[in-house]
$ cat data.csv   # CSV, C-alpha atoms
chain,number,residue,atom,x,y,z
A,1,MET,CA,107.3,108.5,94.5
A,2,ASP,CA,105.5,109.6,91.4
A,3,GLY,CA,102.9,112.3,90.7
A,4,ARG,CA,100.0,110.0,90.1
A,5,ALA,CA,97.0,110.3,92.4
A,6,GLY,CA,97.0,107.6,95.1
A,7,ALA,CA,94.2,105.1,95.6
A,8,ALA,CA,91.9,105.5,98.5
A,9,VAL,CA,92.8,103.1,101.3
A,10,ARG,CA,90.8,104.2,104.3
A,11,PRO,CA,87.2,103.2,104.3
A,12,ASN,CA,86.1,106.3,106.3
A,13,GLY,CA,87.5,108.8,103.9
A,14,PRO,CA,89.4,108.9,100.6
A,15,PHE,CA,93.0,109.9,100.4
A,16,ARG,CA,92.3,110.8,96.8
A,17,VAL,CA,94.3,113.8,95.5
A,18,PRO,CA,93.9,114.5,91.9
A,19,GLY,CA,97.3,115.5,90.6
A,20,GLY,CA,98.7,114.9,94.1
A,21,ARG,CA,102.3,115.6,94.6
A,22,TYR,CA,103.4,112.2,95.7
A,23,ARG,CA,102.2,108.9,97.1
A,24,THR,CA,103.3,107.1,100.2
A,25,GLU,CA,103.1,103.3,100.3
A,26,VAL,CA,103.1,101.0,103.2
A,27,ARG,CA,103.9,97.5,102.0
A,28,GLU,CA,103.0,94.1,103.3
A,29,PRO,CA,105.9,91.9,102.1
A,30,ASP,CA,103.5,89.0,101.7
A,31,GLN,CA,101.4,90.9,99.3
A,32,PRO,CA,103.9,93.1,97.4
A,33,ASP,CA,101.5,93.7,94.5
A,34,GLN,CA,98.9,95.4,96.8
A,35,PRO,CA,100.6,98.2,98.6
A,36,LEU,CA,98.5,100.1,101.1
A,37,THR,CA,98.6,103.6,99.8
A,38,ALA,CA,97.9,107.1,101.0
A,39,ALA,CA,98.3,110.1,98.8
A,40,ALA,CA,100.1,112.8,100.6
A,41,GLY,CA,101.3,116.4,100.3
A,42,THR,CA,100.5,119.7,101.8
A,43,GLY,CA,97.2,119.9,100.0
A,44,PRO,CA,93.7,118.4,100.5
A,45,ALA,CA,95.0,114.9,101.5
A,46,ALA,CA,96.6,116.2,104.7
A,47,GLU,CA,93.3,118.0,105.5
A,48,GLN,CA,91.4,114.8,105.0
A,49,LEU,CA,93.2,113.2,107.9
A,50,LEU,CA,92.5,116.2,110.1
A,51,GLU,CA,89.9,118.9,109.4
A,52,LEU,CA,90.2,122.1,111.2
A,53,ASP,CA,87.9,125.1,111.2
A,54,THR,CA,87.7,128.2,113.3
A,55,ARG,CA,84.5,130.2,113.9
A,56,GLU,CA,83.5,133.2,116.0
A,57,VAL,CA,80.6,132.7,118.4
A,58,GLY,CA,78.1,135.3,119.1
A,59,PRO,CA,79.1,139.0,119.3
A,60,ALA,CA,82.8,138.4,119.8
A,61,ALA,CA,82.1,136.0,122.7
A,62,ALA,CA,84.7,133.3,121.8
A,63,LEU,CA,86.6,131.6,119.0
A,64,ILE,CA,85.9,127.9,118.5
A,65,VAL,CA,88.5,125.7,116.8
A,66,THR,CA,86.8,122.5,115.7
A,67,ALA,CA,89.0,119.4,115.0
A,68,ARG,CA,87.7,116.4,113.1
A,69,GLY,CA,89.8,113.3,112.5
A,70,GLU,CA,93.2,112.2,113.7
A,71,ILE,CA,95.8,114.3,115.5
A,72,ASP,CA,99.2,112.6,115.1
A,73,LEU,CA,102.8,113.3,114.0
A,74,HIS,CA,101.6,114.4,110.6
A,75,THR,CA,98.7,116.7,111.6
A,76,ALA,CA,99.5,118.0,115.1
A,77,GLY,CA,101.5,120.9,113.6
A,78,ARG,CA,98.4,122.2,111.8
A,79,LEU,CA,96.4,122.0,115.0
A,80,ARG,CA,99.0,124.0,116.9
A,81,ALA,CA,99.2,126.6,114.1
A,82,THR,CA,95.4,126.9,113.9
A,83,VAL,CA,95.1,127.4,117.7
A,84,ALA,CA,98.0,129.9,117.7
A,85,ASP,CA,96.2,131.9,115.0
A,86,ALA,CA,93.0,131.8,117.0
A,87,LEU,CA,94.8,133.1,120.1
A,88,THR,CA,96.2,135.9,118.0
A,89,ARG,CA,92.8,136.8,116.6
A,90,LEU,CA,91.4,136.8,120.1
A,91,SER,CA,93.4,139.8,121.0
A,92,ASP,CA,91.6,141.7,118.2
A,93,LEU,CA,88.2,140.9,119.6
A,94,PRO,CA,86.6,143.6,121.7
A,95,THR,CA,85.4,141.3,124.5
A,96,ALA,CA,88.1,140.9,127.1
A,97,GLY,CA,88.5,137.4,128.6
A,98,ALA,CA,86.9,135.7,125.6
A,99,PRO,CA,88.2,132.2,125.3
A,100,VAL,CA,89.5,130.0,122.6
A,101,VAL,CA,87.7,126.7,122.7
A,102,VAL,CA,89.3,123.7,121.1
A,103,ASP,CA,86.6,121.2,120.3
A,104,LEU,CA,87.9,117.6,120.1
A,105,THR,CA,84.6,115.8,120.2
A,106,ASP,CA,84.9,114.7,116.6
A,107,VAL,CA,88.5,113.6,117.0
A,108,THR,CA,89.0,109.8,116.5
A,109,PHE,CA,92.7,109.5,117.4
A,110,LEU,CA,95.1,111.6,119.6
A,111,ALA,CA,98.8,110.8,119.8
A,112,SER,CA,101.7,112.2,121.8
A,113,ALA,CA,102.3,114.8,119.1
A,114,GLY,CA,98.7,116.0,119.6
A,115,LEU,CA,99.2,116.1,123.4
A,116,ALA,CA,102.4,118.2,122.8
A,117,ALA,CA,100.4,120.6,120.5
A,118,LEU,CA,97.7,121.0,123.2
A,119,VAL,CA,100.2,121.7,125.9
A,120,ALA,CA,102.0,124.2,123.8
A,121,ALA,CA,98.7,125.9,123.0
A,122,ALA,CA,97.8,126.0,126.7
A,123,ARG,CA,101.2,127.6,127.6
A,124,ASP,CA,100.8,130.1,124.8
A,125,ALA,CA,97.3,131.0,126.0
A,126,HIS,CA,98.6,131.3,129.6
A,127,SER,CA,101.3,133.7,128.6
A,128,ARG,CA,98.8,135.8,126.8
A,129,ARG,CA,96.4,135.6,129.7
A,130,GLU,CA,93.7,134.3,127.4
A,131,PRO,CA,91.6,131.3,128.4
A,132,LEU,CA,92.1,128.1,126.4
A,133,ARG,CA,89.4,125.5,126.9
A,134,VAL,CA,89.5,122.0,125.5
A,135,VAL,CA,86.3,120.0,124.9
A,136,VAL,CA,86.4,116.3,125.1
A,137,ASP,CA,83.5,113.9,125.3
A,138,HIS,CA,83.7,110.2,126.2
A,139,THR,CA,85.7,109.2,123.1
A,140,ARG,CA,88.3,106.8,124.6
A,141,PRO,CA,91.1,107.3,122.1
A,142,VAL,CA,91.0,111.0,123.0
A,143,VAL,CA,90.4,110.8,126.8
A,144,ARG,CA,92.8,108.0,127.5
A,145,PRO,CA,96.0,109.6,126.2
A,146,ILE,CA,95.1,112.8,128.0
A,147,GLU,CA,94.6,111.0,131.3
A,148,LEU,CA,97.6,108.7,130.9
A,149,ALA,CA,99.8,111.8,130.3
A,150,GLY,CA,98.3,113.5,133.3
A,151,LEU,CA,97.1,116.4,131.2
A,152,ASP,CA,93.7,116.4,132.8
A,153,ASP,CA,95.4,118.5,135.4
A,154,VAL,CA,97.1,120.8,133.0
A,155,LEU,CA,94.4,121.5,130.4
A,156,ALA,CA,91.1,123.1,131.2
A,157,LEU,CA,88.8,120.3,130.0
A,158,TYR,CA,85.0,120.6,129.4
A,159,ARG,CA,82.4,118.0,128.4
A,160,SER,CA,80.7,120.2,125.8
A,161,VAL,CA,81.2,123.4,123.8
A,162,GLU,CA,78.3,124.9,125.7
A,163,ASP,CA,79.9,124.2,129.0
A,164,ALA,CA,83.2,125.7,127.8
A,165,LEU,CA,81.4,128.9,126.6
A,166,GLN,CA,79.5,129.3,129.8
A,167,ALA,CA,82.4,128.8,132.1
A,168,GLY,CA,84.0,131.7,134.0
B,1,MET,CA,126.7,93.6,97.2
B,2,SER,CA,126.0,94.8,100.7
B,3,THR,CA,126.6,93.2,104.1
B,4,VAL,CA,123.8,91.1,105.6
B,5,ARG,CA,122.4,93.3,108.4
B,6,TRP,CA,120.1,90.9,110.1
B,7,VAL,CA,118.0,87.8,109.7
B,8,ILE,CA,114.3,87.6,110.5
B,9,GLU,CA,112.2,84.5,110.3
B,10,VAL,CA,108.9,85.1,108.5
B,11,ARG,CA,106.6,82.2,108.2
B,12,GLY,CA,109.4,79.8,108.5
B,13,GLN,CA,111.4,81.5,105.8
B,14,ARG,CA,114.5,83.3,106.7
B,15,CYS,CA,114.7,86.7,105.1
B,16,THR,CA,117.2,89.5,105.2
B,17,ARG,CA,117.2,93.1,104.1
B,18,THR,CA,119.7,94.8,101.9
B,19,LEU,CA,120.9,98.3,102.5
B,20,SER,CA,118.5,99.5,99.8
B,21,GLY,CA,115.6,98.3,101.9
B,22,ALA,CA,114.5,95.3,99.9
B,23,MET,CA,113.4,92.2,101.8
B,24,ILE,CA,114.7,89.1,100.2
B,25,PRO,CA,114.6,85.4,101.2
B,26,ILE,CA,117.9,84.5,102.6
B,27,ASP,CA,118.6,81.7,100.2
B,28,ALA,CA,118.7,84.4,97.5
B,29,TRP,CA,121.7,85.8,99.3
B,30,PRO,CA,124.6,83.9,97.9
B,31,SER,CA,127.1,84.7,100.6
B,32,CYS,CA,124.9,84.0,103.6
B,33,PRO,CA,125.2,80.7,105.4
B,34,GLY,CA,121.9,79.0,106.0
B,35,GLY,CA,122.4,78.5,109.7
B,36,PRO,CA,120.5,80.3,112.5
B,37,ALA,CA,123.3,82.8,113.1
B,38,GLY,CA,122.9,84.2,109.6
B,39,GLY,CA,126.1,86.1,109.2
B,40,PRO,CA,128.7,88.2,111.1
B,41,ASP,CA,126.5,91.3,111.3
B,42,HIS,CA,123.3,89.7,112.4
B,43,ARG,CA,120.7,90.5,115.0
B,44,PRO,CA,119.0,87.7,116.9
B,45,VAL,CA,116.0,86.1,115.1
B,46,PRO,CA,112.8,87.1,116.9
B,47,PRO,CA,111.6,84.0,118.6
B,48,VAL,CA,108.7,82.2,116.8
B,49,ASP,CA,106.4,81.3,119.7
B,50,PRO,CA,105.6,77.6,119.6
B,51,SER,CA,102.3,78.2,121.1
B,52,THR,CA,101.0,80.1,118.0
B,53,GLY,CA,98.3,77.7,117.2
B,54,PRO,CA,95.4,77.3,114.7
B,55,GLY,CA,92.8,80.0,114.8
B,56,LEU,CA,95.3,82.8,115.1
B,57,PRO,CA,95.8,84.9,112.1
B,58,ALA,CA,99.0,85.2,110.2
B,59,PRO,CA,101.4,87.8,111.6
B,60,LEU,CA,101.1,91.3,110.3
B,61,ARG,CA,104.3,92.5,108.5
B,62,LEU,CA,104.6,96.0,107.2
B,63,GLN,CA,107.4,98.0,105.5
B,64,ILE,CA,106.8,101.6,106.3
B,65,PRO,CA,108.4,104.4,104.4
B,66,VAL,CA,109.9,107.2,106.4
B,67,ASP,CA,106.9,109.5,105.9
B,68,PRO,CA,104.6,110.9,108.6
B,69,VAL,CA,101.5,110.2,106.5
B,70,ALA,CA,102.4,106.5,106.4
B,71,VAL,CA,101.8,106.2,110.1
B,72,SER,CA,98.1,106.7,109.7
B,73,VAL,CA,98.0,103.8,107.2
B,74,VAL,CA,99.8,101.6,109.7
B,75,ARG,CA,97.2,102.4,112.3
B,76,ASP,CA,94.4,101.5,110.0
B,77,ARG,CA,96.0,98.3,109.0
B,78,LEU,CA,96.8,97.3,112.6
B,79,ARG,CA,93.2,98.1,113.7
B,80,ALA,CA,91.8,95.9,110.9
B,81,TRP,CA,94.2,93.1,111.9
B,82,LEU,CA,93.1,93.3,115.5
B,83,ALA,CA,89.5,93.5,114.6
B,84,ALA,CA,89.8,90.4,112.5
B,85,GLN,CA,90.7,88.6,115.7
B,86,ALA,CA,87.9,90.1,117.6
B,87,TRP,CA,90.3,91.9,119.9
B,88,PRO,CA,88.5,93.8,122.6
B,89,THR,CA,88.0,97.5,121.6
B,90,GLY,CA,89.7,99.2,124.5
B,91,GLN,CA,92.8,96.9,124.4
B,92,SER,CA,92.9,97.3,120.6
B,93,GLN,CA,92.9,101.1,121.0
B,94,ASP,CA,95.7,100.9,123.5
B,95,ILE,CA,97.8,98.7,121.2
B,96,VAL,CA,97.2,101.1,118.3
B,97,LEU,CA,98.3,104.0,120.4
B,98,ALA,CA,101.4,102.3,121.7
B,99,VAL,CA,102.4,101.1,118.2
B,100,ASN,CA,101.7,104.6,116.8
B,101,GLU,CA,104.1,106.1,119.3
B,102,ALA,CA,106.9,103.5,118.4
B,103,VAL,CA,106.4,103.9,114.7
B,104,SER,CA,106.1,107.7,114.9
B,105,ASN,CA,109.4,107.9,116.9
B,106,ALA,CA,111.1,105.8,114.3
B,107,VAL,CA,109.7,107.8,111.4
B,108,GLU,CA,110.4,111.2,113.0
B,109,HIS,CA,114.0,110.4,113.8
B,110,ALA,CA,114.9,108.5,110.7
B,111,TYR,CA,113.4,111.3,108.6
B,112,LEU,CA,116.5,113.4,109.2
B,113,ASP,CA,119.3,111.0,108.5
B,114,HIS,CA,117.8,108.1,106.5
B,115,PRO,CA,114.8,109.5,104.6
B,116,SER,CA,114.9,106.7,102.0
B,117,GLY,CA,114.8,104.1,104.8
B,118,VAL,CA,112.1,101.7,105.8
B,119,VAL,CA,110.7,101.1,109.3
B,120,GLU,CA,109.6,97.5,109.8
B,121,LEU,CA,106.7,96.3,111.8
B,122,HIS,CA,106.0,92.7,112.8
B,123,ALA,CA,102.9,91.9,114.8
B,124,ALA,CA,102.0,88.4,116.0
B,125,ALA,CA,99.3,86.9,118.2
B,126,THR,CA,100.2,84.2,120.7
B,127,VAL,CA,98.4,82.1,123.2
B,128,THR,CA,99.6,82.1,126.8
B,129,ARG,CA,99.7,79.0,129.0
B,130,GLY,CA,96.5,80.1,130.6
B,131,GLY,CA,94.8,80.1,127.2
B,132,GLN,CA,94.6,83.8,126.9
B,133,ARG,CA,95.9,85.8,123.9
B,134,ARG,CA,98.6,88.5,123.6
B,135,VAL,CA,99.9,90.5,120.7
B,136,THR,CA,103.6,91.2,120.4
B,137,VAL,CA,104.6,94.0,118.0
B,138,VAL,CA,108.2,94.7,117.0
B,139,VAL,CA,109.1,98.0,115.4
B,140,ASP,CA,112.5,98.1,113.8
B,141,ASP,CA,113.7,101.4,112.5
B,142,GLY,CA,116.9,100.2,111.0
B,143,ARG,CA,118.5,103.5,111.5
B,144,TRP,CA,122.2,104.0,111.2
B,145,ARG,CA,122.9,106.4,114.0
B,146,PRO,CA,122.1,106.6,117.7
B,147,PRO,CA,118.7,108.2,118.6
B,148,PRO,CA,119.0,112.0,119.0
B,149,ALA,CA,118.7,113.7,122.4
B,150,ASP,CA,115.4,113.8,124.2
B,151,ASP,CA,112.6,115.7,122.7
B,152,GLU,CA,109.1,116.4,123.9
B,153,ASN,CA,107.2,113.9,121.8
B,154,ARG,CA,109.6,111.1,122.7
B,155,ARG,CA,109.2,112.0,126.3
B,156,ARG,CA,105.5,111.6,126.2
B,157,GLY,CA,105.4,108.8,123.7
B,158,ILE,CA,107.5,106.3,125.7
B,159,PRO,CA,105.4,106.6,128.9
B,160,LEU,CA,102.3,106.2,126.8
B,161,MET,CA,103.7,102.9,125.4
B,162,HIS,CA,104.4,101.7,128.9
B,163,ALA,CA,101.0,102.6,130.1
B,164,CYS,CA,99.2,100.9,127.1
B,165,MET,CA,101.3,97.7,127.0
B,166,ASP,CA,102.3,95.0,129.4
B,167,THR,CA,106.0,95.2,128.5
B,168,VAL,CA,108.0,97.5,126.4
B,169,THR,CA,111.6,96.7,125.5
B,170,ILE,CA,113.7,99.2,123.6
B,171,THR,CA,117.0,97.8,122.4
B,172,ALA,CA,119.8,99.2,120.4
B,173,ALA,CA,120.6,96.9,117.6
B,174,THR,CA,123.8,97.0,115.5
B,175,PRO,CA,124.7,99.1,113.7
B,176,GLY,CA,122.9,101.8,115.7
B,177,GLY,CA,119.3,101.0,114.9
B,178,THR,CA,116.6,100.8,117.5
B,179,ARG,CA,114.1,97.9,118.0
B,180,VAL,CA,111.0,98.4,120.1
B,181,THR,CA,109.2,95.3,121.3
B,182,LEU,CA,105.7,95.9,122.7
B,183,ARG,CA,103.8,93.1,124.4
B,184,SER,CA,100.1,93.6,125.1
B,185,HIS,CA,98.1,92.7,128.1
B,186,PRO,CA,96.4,89.3,127.8
B,187,VAL,CA,92.8,89.1,126.7
B,188,PRO,CA,90.4,86.2,126.7
B,189,PRO,CA,90.1,83.9,123.7
B,190,PRO,CA,87.4,85.1,121.3
B,191,THR,CA,84.9,82.3,122.2
B,192,LEU,CA,84.5,83.9,125.6
B,193,LEU,CA,83.7,87.3,124.2
B,194,GLU,CA,80.3,88.5,123.2
$ encode --input "data.csv" --output "structure tokens"
Amino acid sequence: MDGRAGAAVRPNGPFRVPGGRYRTEVREPDQPDQPLTAAAGTGPAAEQLLELDTREVGPAAALIVTARGEIDLHTAGRLRATVADALTRLSDLPTAGAPVVVDLTDVTFLASAGLAALVAAARDAHSRREPLRVVVDHTRPVVRPIELAGLDDVLALYRSVEDALQAG
Amino acid sequence: MSTVRWVIEVRGQRCTRTLSGAMIPIDAWPSCPGGPAGGPDHRPVPPVDPSTGPGLPAPLRLQIPVDPVAVSVVRDRLRAWLAAQAWPTGQSQDIVLAVNEAVSNAVEHAYLDHPSGVVELHAAATVTRGGQRRVTVVVDDGRWRPPPADDENRRRGIPLMHACMDTVTITAATPGGTRVTLRSHPVPPPTLLE
């Protein structure tokens, strides 16, 4: 593991980290001279795998956490922390009953670590008596694990951010 | 010199792995007999399916560092390997999800006690008697201790593997490592797909 920036390996987004802390390499033993690389660290590269942003909607009507990318072992912790922060911020908003909406419509992959983060967030919201609404569209890699794990009964799921904001 | 841990057959060449994680052809290992048993501390050689015929791609073999970021690289590579065979999208996604769970479990648990280790993946396509295709993926974590007690991710990950694949076999291999063998549902040969 050296400090050089890793080469981009994923066609839909570079893992380029100038001055990145270290590089991880997956090797194909038949092609030892061409490792598949991804630069890693706690900096921009991790955020390239999963982008998260939180915004307030309207006059303190809701907080929307938007996730774009892949939610897996590496990134699920950041999702959980971001939603936890949003739930904390919610208690500062003047409007009672305002929800946190987690928008997964731009998520391309959801693993069990992501499911665990969503369930933990839902439990956290429930204990604070704040609504947590999760938006999923028809993206199969998101919907399928949720359904296979039976979480469509546990999470409040909506088809669009608009539906989630207008509910209840 | 370190003990031969196991023998794996790759493209007809028998290879083994040293404790440092290097994969080397078995004939480079001076103390190892050339027979199928390999050595005293061996694991069984994964069967090379005789029905693997022309038109099927070479198996995918990956050596994965014990690093959570590496799992995303594995998914991309596996997706590309399946796409190259025109694997149907839904089944491909299921395979990637199941393999992700197996590799993530291995990486997550090896991270604690064997951070310099390597998780190995071997994926091969085979043809069934009915002319359909399946993919078999073996994930070998090569850990040196039994898996830790249940945790939430494992509890969800293993049922996801079962739901996505036709068969899932988790075996403890000496000396304390875990091997997960995932066999996909069959899909039609590519000529029948649009």
$ closest_residue --input "data.csv" --among "A:Leu49, A:Leu63, A:Val161, A:Leu90" --to "Leu110 (chain A)" --atoms "only C-alpha atoms"
A:Leu49
$ residues_around --input "data.csv" --residues "Glu28 (chain A)" --least-positions-apart "5" --cutoff "10 Å" --atoms "all atoms listed in the file" --output "PyMOL selection string"
(chain A and resi 33-36) or (chain B and resi 60-64+77+120-121)
$ write_last_selection --input "data.csv" --atoms "C-alpha atoms" --output "tab-separated table (two decimals), keeping the file's coordinate frame"
chain	number	residue	atom	x	y	z
A	33	ASP	CA	101.50	93.70	94.50
A	34	GLN	CA	98.90	95.40	96.80
A	35	PRO	CA	100.60	98.20	98.60
A	36	LEU	CA	98.50	100.10	101.10
B	60	LEU	CA	101.10	91.30	110.30
B	61	ARG	CA	104.30	92.50	108.50
B	62	LEU	CA	104.60	96.00	107.20
B	63	GLN	CA	107.40	98.00	105.50
B	64	ILE	CA	106.80	101.60	106.30
B	77	ARG	CA	96.00	98.30	109.00
B	120	GLU	CA	109.60	97.50	109.80
B	121	LEU	CA	106.70	96.30	111.80
$ interface_residues --input "data.csv" --of "chain A" --to "chain B" --cutoff "7 Å" --atoms "only C-alpha atoms" --output "list in words"
Thr24, Glu25, Val26, Arg27, Glu28, Pro29, Ala40, Leu73, His74, Ala111, Ser112, Ala113, Ala116, Pro141 and Leu148 of chain A
